[in-house]
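> Just so it is clear, I am handing over upload21.cif, which has mmCIF, C-alpha atoms.
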data_structure
loop_
_atom_site.label_atom_id
_atom_site.label_comp_id
_atom_site.auth_asym_id
_atom_site.auth_seq_id
_atom_site.Cartn_x
_atom_site.Cartn_y
_atom_site.Cartn_z
CA MET F 179 -3.18 37.93 -21.83
CA GLN F 180 -2.74 35.37 -19.14
CA LYS F 181 -4.99 32.43 -19.18
CA GLN F 182 -4.73 30.08 -16.31
CA ALA F 183 -4.87 26.83 -18.18
CA GLU F 184 -6.82 24.88 -15.69
CA ASP F 185 -10.40 23.78 -15.50
CA LYS F 186 -12.51 25.11 -12.67
CA GLN F 187 -13.79 21.62 -12.10
CA GLN F 188 -10.41 20.56 -10.86
CA THR F 189 -11.22 22.19 -7.60
CA LYS F 190 -14.00 24.03 -5.92
CA ASP F 191 -11.45 26.41 -4.52
CA PRO F 192 -13.29 29.75 -4.54
CA ASN F 193 -10.04 31.53 -5.31
CA TRP F 194 -9.31 29.48 -8.38
CA SER F 195 -10.51 30.21 -11.89
CA SER F 196 -9.23 29.23 -15.30
CA ARG F 197 -10.69 32.33 -16.88
CA SER F 198 -8.45 34.73 -18.69
CA VAL F 199 -6.90 37.26 -16.37
CA GLY F 200 -6.73 40.07 -18.90
CA SER F 201 -9.79 42.01 -19.92
CA ASN F 202 -11.41 41.75 -23.31
CA TRP F 203 -9.87 45.00 -24.59
CA GLN F 204 -6.40 43.78 -23.63
CA HIS F 205 -6.92 40.62 -25.66
CA GLN F 206 -8.26 42.67 -28.56
CA ALA F 207 -5.18 44.90 -28.39
CA PHE F 208 -2.94 41.88 -28.90
CA TYR F 209 -5.08 40.57 -31.75
CA LEU F 210 -4.91 44.01 -33.39
CA ALA F 211 -1.14 44.10 -32.92
CA ILE F 212 -0.84 40.74 -34.68
CA LYS F 213 -2.92 42.00 -37.58
CA LEU F 214 -0.97 45.25 -37.87
CA GLY F 215 2.56 44.22 -37.02
CA GLY F 216 2.54 40.45 -36.92
CA ARG F 217 4.00 38.20 -34.28
CA ARG F 218 6.98 40.47 -33.54
CA LEU F 219 4.88 43.46 -32.52
CA ALA F 220 2.76 41.27 -30.23
CA TYR F 221 5.92 39.80 -28.67
CA LEU F 222 7.28 43.31 -28.11
CA MET F 223 4.12 44.28 -26.26
CA LEU F 224 4.39 41.12 -24.22
CA TYR F 225 7.76 42.05 -22.73
CA PHE F 226 6.18 45.09 -21.10
CA VAL F 227 2.81 43.57 -20.20
CA VAL F 228 4.43 40.52 -18.59
CA GLY F 229 6.85 42.78 -16.73
CA TYR F 230 3.91 44.71 -15.33
CA TYR F 231 2.11 41.55 -14.23
CA VAL F 232 5.20 40.04 -12.62
CA LEU F 233 5.98 43.22 -10.69
CA PHE F 234 2.48 44.22 -9.67
CA SER F 235 0.28 41.13 -9.73
CA ARG F 236 0.69 39.07 -6.59
CA LEU F 237 -1.78 36.55 -8.01
CA ALA F 238 0.33 36.00 -11.14
CA ARG F 239 3.47 35.47 -9.05
CA LYS F 240 1.71 33.15 -6.66
CA ARG F 241 0.26 30.95 -9.39
CA ALA F 242 3.61 30.68 -11.13
CA SER F 243 5.36 29.92 -7.84
CA HIS F 244 3.65 26.55 -7.29
CA TYR F 245 5.70 25.05 -10.11
CA LEU F 246 8.74 27.31 -10.00
CA ARG F 247 9.64 26.69 -6.39
CA ARG F 248 9.72 22.93 -7.10
CA ARG F 249 11.54 23.30 -10.37
CA PHE F 250 14.07 25.79 -8.97
CA PRO F 251 14.19 24.97 -5.26
CA GLN F 252 17.53 26.69 -4.69
CA ALA F 253 16.58 29.98 -6.34
CA SER F 254 16.72 33.18 -4.32
CA GLY F 255 13.84 35.66 -4.23
CA VAL F 256 15.24 37.73 -7.09
CA GLN F 257 16.00 34.62 -9.12
CA GLN F 258 12.44 33.37 -8.56
CA LEU F 259 11.16 36.69 -9.89
CA TRP F 260 13.29 36.25 -13.00
CA HIS F 261 12.05 32.66 -13.45
CA CYS F 262 8.49 33.93 -13.03
CA TYR F 263 9.05 36.54 -15.73
CA ARG F 264 10.48 33.99 -18.15
CA LEU F 265 7.68 31.49 -17.50
CA ILE F 266 4.86 33.97 -17.99
CA LEU F 267 6.60 35.51 -21.00
CA ALA F 268 6.89 32.06 -22.60
CA PHE F 269 3.22 31.43 -21.86
CA GLY F 270 2.26 34.76 -23.43
CA MET F 271 4.28 33.93 -26.54
CA VAL F 272 2.49 30.62 -26.92
CA LEU F 273 -0.86 32.39 -26.68
CA VAL F 274 0.28 34.90 -29.29
CA ASP F 275 1.44 32.05 -31.53
CA ARG F 276 -1.92 30.38 -31.17
CA ALA F 277 -3.63 33.57 -32.32
CA VAL F 278 -1.09 33.99 -35.15
CA VAL F 279 -1.92 30.51 -36.46
CA GLY F 280 -5.58 31.46 -36.61
CA ILE F 281 -5.14 34.99 -37.98
CA MET F 282 -2.23 34.45 -40.38
CA GLY F 283 -2.34 30.72 -41.05
CA SER F 284 -0.53 27.64 -39.81
CA GLU F 285 2.20 28.12 -42.42
CA SER F 286 3.52 30.86 -40.14
CA PHE F 287 5.18 28.13 -38.08
CA GLU F 288 7.39 25.12 -38.68
CA THR F 289 6.67 21.93 -36.78
CA CYS F 290 9.00 19.01 -36.26
CA LEU F 291 7.35 15.76 -35.23
CA GLU F 292 9.42 13.11 -33.48
CA GLY F 293 7.77 9.69 -33.43
CA ARG F 294 5.72 9.86 -36.61
CA GLU F 295 6.41 6.26 -37.62
CA GLU F 296 5.61 4.95 -34.16
CA LEU F 297 2.33 6.87 -34.13
CA LEU F 298 1.38 5.30 -37.45
CA LYS F 299 2.15 1.84 -36.07
CA LEU F 300 0.03 2.52 -33.00
CA ARG F 301 -2.80 3.74 -35.20
CA ASP F 302 -2.65 0.56 -37.23
CA GLU F 303 -3.31 -1.55 -34.15
CA ASN F 304 -6.91 -0.31 -34.59
CA ARG F 305 -7.58 -0.05 -30.90
CA GLY F 306 -7.82 3.71 -30.93
CA LEU F 307 -5.21 6.00 -29.47
CA ILE F 308 -5.19 8.05 -26.30
CA LEU F 309 -3.00 11.11 -26.67
CA MET F 310 -2.13 12.24 -23.20
CA ALA F 311 -0.98 15.82 -23.28
CA ALA F 312 -0.22 18.26 -20.51
CA HIS F 313 -0.21 21.98 -19.97
CA VAL F 314 3.07 22.39 -21.77
CA GLY F 315 4.03 24.05 -25.02
CA CYS F 316 1.06 24.55 -27.30
CA TRP F 317 -1.27 21.57 -27.59
CA GLN F 318 -3.16 23.20 -30.46
CA VAL F 319 -0.04 22.79 -32.54
CA ALA F 320 -0.01 19.09 -31.71
CA ILE F 321 -3.62 18.61 -32.68
CA SER F 322 -3.26 20.57 -35.89
CA ALA F 323 -0.31 18.36 -36.86
CA LEU F 324 -2.14 15.04 -36.50
CA GLY F 325 -3.84 15.10 -39.87
CA PHE F 326 -1.42 12.49 -41.20
CA LEU F 327 -2.99 9.91 -38.89
CA GLN F 328 -6.23 10.25 -40.87
CA ARG F 329 -8.41 9.52 -37.88
CA PRO F 330 -10.99 11.76 -36.22
CA VAL F 331 -9.70 13.46 -33.09
CA HIS F 332 -11.89 13.86 -30.00
CA MET F 333 -10.79 16.22 -27.32
CA LEU F 334 -11.88 16.06 -23.72
CA MET F 335 -12.18 19.70 -22.81
CA ARG F 336 -14.39 22.23 -21.21
CA ARG F 337 -14.35 25.94 -21.58
CA GLU F 338 -15.19 28.05 -18.62
CA ASP F 339 -17.90 30.68 -18.88
CA GLY F 340 -16.26 34.05 -19.29
CA ASP F 341 -13.12 32.70 -20.92
CA ILE F 342 -12.37 35.29 -23.59
CA ASP F 343 -9.15 33.85 -24.92
CA ARG F 344 -9.84 32.47 -28.39
CA HIS F 345 -8.72 29.20 -29.90
CA TYR F 346 -6.85 29.33 -33.18
CA TYR F 347 -9.75 28.01 -35.25
CA GLU F 348 -11.97 30.77 -33.87
CA HIS F 349 -9.53 33.38 -35.12
CA ALA F 350 -9.51 31.68 -38.50
CA GLY F 351 -13.29 31.45 -38.57
CA ILE F 352 -13.17 27.77 -39.39
CA GLU F 353 -15.05 24.87 -37.92
CA CYS F 354 -13.51 23.27 -34.86
CA PRO F 355 -11.13 20.64 -36.27
CA TYR F 356 -11.76 18.19 -33.48
CA GLN F 357 -14.84 16.85 -31.78
CA ILE F 358 -15.20 18.04 -28.23
CA ILE F 359 -16.21 15.67 -25.46
CA ASP F 360 -17.58 17.55 -22.48
CA PRO F 361 -16.21 16.13 -19.22
CA THR F 362 -19.20 17.56 -17.38
CA GLY F 363 -21.58 15.65 -19.66
CA TYR F 364 -23.23 12.30 -19.06
CA LEU F 365 -20.90 10.05 -17.07
CA GLY F 366 -18.06 12.47 -17.61
CA GLY F 367 -17.89 11.66 -21.30
CA THR F 368 -16.56 8.15 -20.64
CA LEU F 369 -19.09 6.47 -22.92
CA GLU F 370 -18.20 8.84 -25.73
CA MET F 371 -14.52 8.11 -25.22
CA LEU F 372 -15.13 4.37 -25.23
CA GLY F 373 -17.20 4.68 -28.38
CA ALA F 374 -14.54 6.75 -30.14
CA LEU F 375 -11.75 4.33 -29.26
CA LYS F 376 -13.78 1.34 -30.41
CA GLN F 377 -13.95 3.01 -33.82
CA GLY F 378 -10.20 3.46 -33.87
CA HIS F 379 -10.38 7.22 -33.31
CA ILE F 380 -7.96 9.38 -31.36
CA ILE F 381 -8.90 10.96 -28.08
CA SER F 382 -6.85 13.66 -26.49
CA VAL F 383 -6.87 14.21 -22.76
CA MET F 384 -4.82 16.23 -20.33
CA GLY F 385 -2.84 14.01 -18.01
CA ASP F 386 -2.12 16.73 -15.49
CA ARG F 387 -5.57 17.88 -14.54
CA LEU F 388 -8.92 16.62 -13.37
CA LEU F 389 -11.94 17.38 -15.49
CA GLY F 390 -15.65 17.36 -14.85
CA SER F 391 -16.72 15.45 -11.79
CA ASP F 392 -13.74 13.13 -12.02
CA ARG F 393 -12.16 12.61 -8.63
CA SER F 394 -10.25 9.45 -9.48
CA THR F 395 -6.63 10.27 -8.77
CA ALA F 396 -3.46 8.42 -8.04
CA ALA F 397 -0.63 9.79 -5.91
CA VAL F 398 2.67 10.00 -7.79
CA ASN F 399 5.90 11.90 -7.46
CA PHE F 400 6.41 14.99 -9.57
CA LEU F 401 9.40 17.29 -9.12
CA GLY F 402 10.20 15.78 -5.76
CA GLU F 403 6.80 15.92 -4.12
CA THR F 404 3.49 14.10 -4.28
CA VAL F 405 0.82 15.18 -6.74
CA TYR F 406 -2.54 13.61 -7.49
CA LEU F 407 -3.06 12.97 -11.18
CA PRO F 408 -6.21 11.57 -12.80
CA PHE F 409 -6.28 7.89 -13.76
CA SER F 410 -9.65 7.57 -15.54
CA ALA F 411 -7.96 7.55 -18.96
CA TYR F 412 -5.76 4.65 -17.83
CA LYS F 413 -8.86 2.69 -16.83
CA ILE F 414 -10.35 3.37 -20.27
CA ALA F 415 -7.08 2.23 -21.87
CA SER F 416 -7.25 -0.93 -19.80
CA ALA F 417 -10.83 -1.57 -20.91
CA THR F 418 -10.22 -0.97 -24.61
CA GLY F 419 -6.59 -1.96 -25.13
CA ALA F 420 -5.85 1.47 -26.57
CA PRO F 421 -2.26 2.58 -26.12
CA ILE F 422 -1.59 5.81 -24.28
CA VAL F 423 0.90 8.18 -25.80
CA ALA F 424 2.48 10.91 -23.67
CA PHE F 425 2.64 13.61 -26.29
CA PHE F 426 4.20 17.00 -25.63
CA THR F 427 5.01 20.09 -27.65
CA SER F 428 7.72 22.65 -27.08
CA LYS F 429 8.48 26.01 -28.61
CA GLU F 430 12.00 25.66 -29.96
CA GLY F 431 12.41 28.97 -31.73
CA PRO F 432 10.47 32.10 -32.70
CA VAL F 433 8.58 30.24 -35.43
CA SER F 434 9.23 26.59 -34.68
CA TYR F 435 7.62 23.93 -32.53
CA ARG F 436 8.73 20.42 -31.72
CA LEU F 437 6.20 17.65 -31.21
CA LEU F 438 7.47 14.78 -29.16
CA LEU F 439 6.15 11.29 -28.59
CA ALA F 440 7.65 11.12 -25.12
CA LYS F 441 6.39 7.74 -23.95
CA VAL F 442 4.06 4.92 -24.96
CA ILE F 443 2.19 3.56 -21.95
CA ARG F 444 0.58 0.15 -22.26
CA VAL F 445 -2.09 -0.62 -19.70
CA PRO F 446 -3.06 -4.29 -19.60
CA GLU F 447 -6.58 -5.48 -18.84
CA LEU F 448 -6.90 -4.88 -15.12
CA PRO F 449 -9.89 -5.52 -12.87
CA GLY F 450 -11.28 -2.95 -10.49
CA ARG F 451 -10.72 0.74 -10.18
CA SER F 452 -8.39 1.32 -7.30
CA ALA F 453 -5.84 4.10 -7.54
CA GLU F 454 -3.10 1.69 -6.54
CA THR F 455 -3.86 -0.50 -9.58
CA PHE F 456 -3.24 2.34 -11.99
CA ARG F 457 -0.60 4.25 -10.05
CA PRO F 458 2.40 2.66 -11.87
CA PHE F 459 1.06 3.83 -15.23
CA VAL F 460 0.29 7.32 -13.96
CA ALA F 461 3.84 7.40 -12.61
CA GLU F 462 5.18 6.64 -16.09
CA PHE F 463 3.39 9.72 -17.38
CA SER F 464 4.56 11.82 -14.45
CA ALA F 465 8.16 10.79 -15.07
CA ALA F 466 7.86 11.69 -18.76
CA LEU F 467 6.41 15.07 -17.82
CA GLU F 468 9.18 15.69 -15.32
CA ASN F 469 11.78 14.92 -17.97
CA TYR F 470 10.08 17.45 -20.19
CA CYS F 471 10.20 20.08 -17.43
CA GLN F 472 13.89 19.44 -16.89
CA GLU F 473 14.49 20.04 -20.58
CA HIS F 474 12.02 22.92 -20.94
CA PRO F 475 11.83 24.67 -17.57
CA TYR F 476 9.79 27.60 -18.86
CA GLN F 477 7.13 25.72 -20.81
CA PHE F 478 5.06 24.16 -18.03
CA PHE F 479 1.86 26.19 -18.00
CA ASN F 480 -0.26 24.46 -15.41
CA PHE F 481 -0.70 27.22 -12.87
CA PHE F 482 -2.87 25.22 -10.54
CA ASP F 483 -1.18 24.06 -7.36
CA LEU F 484 -0.89 20.37 -8.21
CA TRP F 485 0.97 19.75 -4.96
CA LEU F 486 -1.84 21.20 -2.90
CA THR F 487 -3.52 18.22 -1.34
CA GLN F 488 -5.89 15.44 -2.24
CA PRO F 489 -8.72 16.54 -4.56
CA GLN F 490 -11.48 15.96 -2.04
CA GLU F 491 -9.70 18.27 0.35
CA MET F 492 -9.15 21.04 -2.17
CA SER F 493 -12.45 22.72 -1.48
CA ALA F 494 -11.29 23.58 2.00
CA HIS F 495 -8.18 25.28 0.75
CA LYS F 496 -7.89 29.02 0.41
CA GLU F 497 -4.95 30.76 -1.12
CA MET A 91 -30.26 -17.36 -13.81
CA GLU A 92 -32.33 -14.59 -15.31
CA ILE A 93 -30.46 -11.62 -16.68
CA LYS A 94 -31.50 -9.16 -13.97
CA ALA A 95 -30.40 -11.44 -11.15
CA LYS A 96 -27.12 -12.17 -12.89
CA LEU A 97 -26.52 -8.48 -13.48
CA LYS A 98 -27.09 -7.68 -9.81
CA GLN A 99 -24.64 -10.34 -8.74
CA ILE A 100 -22.06 -9.07 -11.25
CA LEU A 101 -22.46 -5.51 -9.96
CA ILE A 102 -21.87 -6.69 -6.42
CA ASP A 103 -18.89 -8.87 -7.30
CA GLU A 104 -17.12 -6.73 -9.84
CA LEU A 105 -18.03 -3.18 -8.91
CA ASN A 106 -17.26 -3.58 -5.23
CA LEU A 107 -20.80 -3.30 -3.93
CA GLU A 108 -20.22 -5.99 -1.33
CA ASP A 109 -22.28 -4.17 1.26
CA LEU A 110 -25.39 -4.76 -0.85
CA SER A 111 -27.31 -7.95 -1.49
CA PRO A 112 -29.05 -8.64 -4.81
CA GLU A 113 -32.41 -8.22 -3.10
CA GLU A 114 -31.51 -4.70 -2.06
CA ILE A 115 -30.88 -3.57 -5.62
CA GLU A 116 -34.14 -2.39 -7.14
CA ASP A 117 -34.76 -3.20 -10.78
CA ASP A 118 -35.65 0.37 -11.69
CA ALA A 119 -33.31 2.29 -9.41
CA PRO A 120 -30.89 4.55 -11.30
CA LEU A 121 -27.47 2.96 -11.58
CA PHE A 122 -25.64 6.26 -11.41
CA GLY A 123 -25.96 9.25 -9.13
CA ASP A 124 -28.63 9.03 -6.49
CA GLY A 125 -29.54 5.39 -7.11
CA LEU A 126 -26.74 2.89 -6.68
CA GLY A 127 -24.23 5.73 -6.66
CA LEU A 128 -22.05 4.41 -9.44
CA ASP A 129 -19.82 6.90 -11.26
CA SER A 130 -18.14 7.33 -14.63
CA LEU A 131 -15.35 4.85 -13.91
CA ASP A 132 -17.93 2.28 -12.87
CA ALA A 133 -19.58 2.88 -16.25
CA VAL A 134 -16.36 1.85 -17.98
CA GLU A 135 -16.16 -1.27 -15.82
CA LEU A 136 -19.83 -2.00 -16.47
CA VAL A 137 -19.34 -1.85 -20.23
CA VAL A 138 -16.45 -4.28 -19.86
CA VAL A 139 -18.27 -6.77 -17.62
CA VAL A 140 -21.40 -6.74 -19.78
CA GLN A 141 -19.27 -7.74 -22.74
CA LYS A 142 -17.38 -10.34 -20.70
CA HIS A 143 -20.39 -12.03 -19.12
CA PHE A 144 -23.06 -11.58 -21.79
CA GLY A 145 -21.05 -11.18 -24.99
CA VAL A 146 -22.86 -7.93 -25.65
CA GLU A 147 -21.01 -4.80 -26.70
CA ILE A 148 -22.18 -1.34 -25.74
CA LYS A 149 -20.72 0.50 -28.68
CA ASP A 150 -21.29 4.15 -28.00
CA MET A 151 -23.19 6.85 -26.19
CA GLU A 152 -26.36 6.33 -28.25
CA GLU A 153 -26.60 2.75 -27.08
CA GLY A 154 -25.09 3.23 -23.68
CA ARG A 155 -27.10 6.08 -22.31
CA PRO A 156 -30.54 4.46 -22.46
CA ALA A 157 -29.15 1.03 -21.59
CA LEU A 158 -27.30 2.11 -18.47
CA GLN A 159 -30.23 3.74 -16.73
CA SER A 160 -31.17 0.83 -14.47
CA ILE A 161 -30.95 -2.91 -14.06
CA SER A 162 -34.21 -3.23 -16.00
CA SER A 163 -33.04 -1.16 -18.95
CA LEU A 164 -29.67 -2.90 -19.07
CA ALA A 165 -31.29 -6.35 -18.91
CA ALA A 166 -33.67 -5.36 -21.72
CA PHE A 167 -30.75 -4.09 -23.81
CA ILE A 168 -28.81 -7.32 -23.30
CA GLU A 169 -31.81 -9.46 -24.09
CA ASP A 170 -32.50 -7.46 -27.21
CA LYS A 171 -28.90 -7.75 -28.42
CA GLN A 172 -28.74 -11.46 -27.70
CA LYS A 173 -31.90 -12.04 -29.72
CA GLY A 174 -30.73 -9.83 -32.57
#
Do you think you could lay out the structure here as structure tokens?

Amino acid sequence: MQKQAEDKQQTKDPNWSSRSVGSNWQHQAFYLAIKLGGRRLAYLMLYFVVGYYVLFSRLARKRASHYLRRRFPQASGVQQLWHCYRLILAFGMVLVDRAVVGIMGSESFETCLEGREELLKLRDENRGLILMAAHVGCWQVAISALGFLQRPVHMLMRREDGDIDRHYYEHAGIECPYQIIDPTGYLGGTLEMLGALKQGHIISVMGDRLLGSDRSTAAVNFLGETVYLPFSAYKIASATGAPIVAFFTSKEGPVSYRLLLAKVIRVPELPGRSAETFRPFVAEFSAALENYCQEHPYQFFNFFDLWLTQPQEMSAHKE
Amino acid sequence: MEIKAKLKQILIDELNLEDLSPEEIEDDAPLFGDGLGLDSLDAVELVVVVQKHFGVEIKDMEEGRPALQSISSLAAFIEDKQKG
């Protein structure tokens, strides 16, 4: 049931893959459980499956540890194991929820959006809008709740071959509700993003991972240590005048999600493309994400080692 | 200054290609990848500088992809837009 929510293009690390860890039959078992017994039965299964993974999968523990040992630096070995269990359990629940939305309908969940009026004002600037999400909560909930903006949504995303975990619209058998921009396409999809913003559309990108051939990163602090986060979207914001919105979701209860406009980042027209130019804006996002992690310690689902090293050096790394 | 020559000078000045001279940039060499070696962020900058210096907007992928192949194709695109 685990899906390492990271794109393989972030690194050439031969040990890294974003593909689902569980086999196809395991995924099907959860989907069947949802159909037969609803969300509760799937959650019940999760408690045992996650327990198994945490106890017997060194890989699962290792991938969770990159974040957890920065978020809980004082935790003992046993405490880290408990944090690992809670993190992976929360991740599993989000994946179940995503399937529930597709199989049983979005009315199965309540969503509370904070920042609706501000989003409408930003939309009305007619410069487009860059929604900068992260691997937290359930971004599908965020996207599905943006209909009130009445603008097409373009999502920069790539699915790895062999990824068997389904998106909610695939469960529902409906057309993909957003237009996908492939970061491995021509010029990393930048022309498509520029075109979309010029028409006042919304583009959604992940602020905590590199996609496609993008290697443009800025060094910022995150949970006390340096990470390298992508700054291409900030350059595009600078070129178009589009505001960037740090937009996160969190699971607040069994059937409720909160959508939060955490920060509006304005990038002025800036010449050049140096990391140092855009670093202050990337740092704003990083700070917003860190605040989120302080508030929701078990909802950060980026299992890639962000603190590893500079992207160009990642290929030499072996776990 | 003709459009191609101006474009080459703009590339050198604004896309940090100071180690090249205009004469070293071939008209038909690919701008991205193996040619001049520009990348996706340079493409964003290029769209901006074309608008700034020539008043021509590259609106989307359909326009941008053929236009951004080389100095020749970009110059032809700009000339075409300026006439139109």
> Please report the interatomic distance between CA of Leu267 (chain F) and CA of Val423 (chain F) in Å with one decimal.
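Distance reported for this atom pair: 28.3 Å.
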> Using only C-alpha atoms, which of the listed residues (A:Ile161, A:Glu169, A:Ile115, A:Leu101) sits closest to chain F?
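For chain F, the nearest of the candidates is A:Leu101.
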> What are the residues of chain F lining chain A at 6 Å or less? Count all atoms listed in the file, and put the answer as a PyMOL selection string.
chain F and resi 365-366+369-370+373
> Save out the residues we just selected, C-alpha atoms, as a short mmCIF file (atom, residue, chain, number, x, y, z; two decimals), in the coordinates of the input.

data_model
loop_
_atom_site.label_atom_id
_atom_site.label_comp_id
_atom_site.auth_asym_id
_atom_site.auth_seq_id
_atom_site.Cartn_x
_atom_site.Cartn_y
_atom_site.Cartn_z
CA LEU F 365 -20.90 10.05 -17.07
CA GLY F 366 -18.06 12.47 -17.61
CA LEU F 369 -19.09 6.47 -22.92
CA GLU F 370 -18.20 8.84 -25.73
CA GLY F 373 -17.20 4.68 -28.38
#
> Using all atoms listed in the file, what residues lie at most 9 Å away from (-28.4, -3.9, -21.4) (file coordinates), given as a VMD selection string?
chain A and resid 140 146 148 153 to 154 156 to 158 160 to 171
> Which residue gives the smallest distance to Ile93 (chain A) among A:Asp117, A:Asp124, A:Glu147, A:Asp109, with only C-alpha atoms counted?
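Using only C-alpha atoms, the shortest distance to Ile93 (chain A) belongs to A:Asp117.
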> Separation of CA of Tyr476 (chain F) and CA of His332 (chain F), in Å?
28.0 Å
> Pick out the closest residue to Ile414 (chain F) from this set: F:Pro355, F:Pro330, F:Gly402, F:Pro449. Count all atoms listed in the file.
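Closest to Ile414 (chain F), using all atoms listed in the file: F:Pro449.
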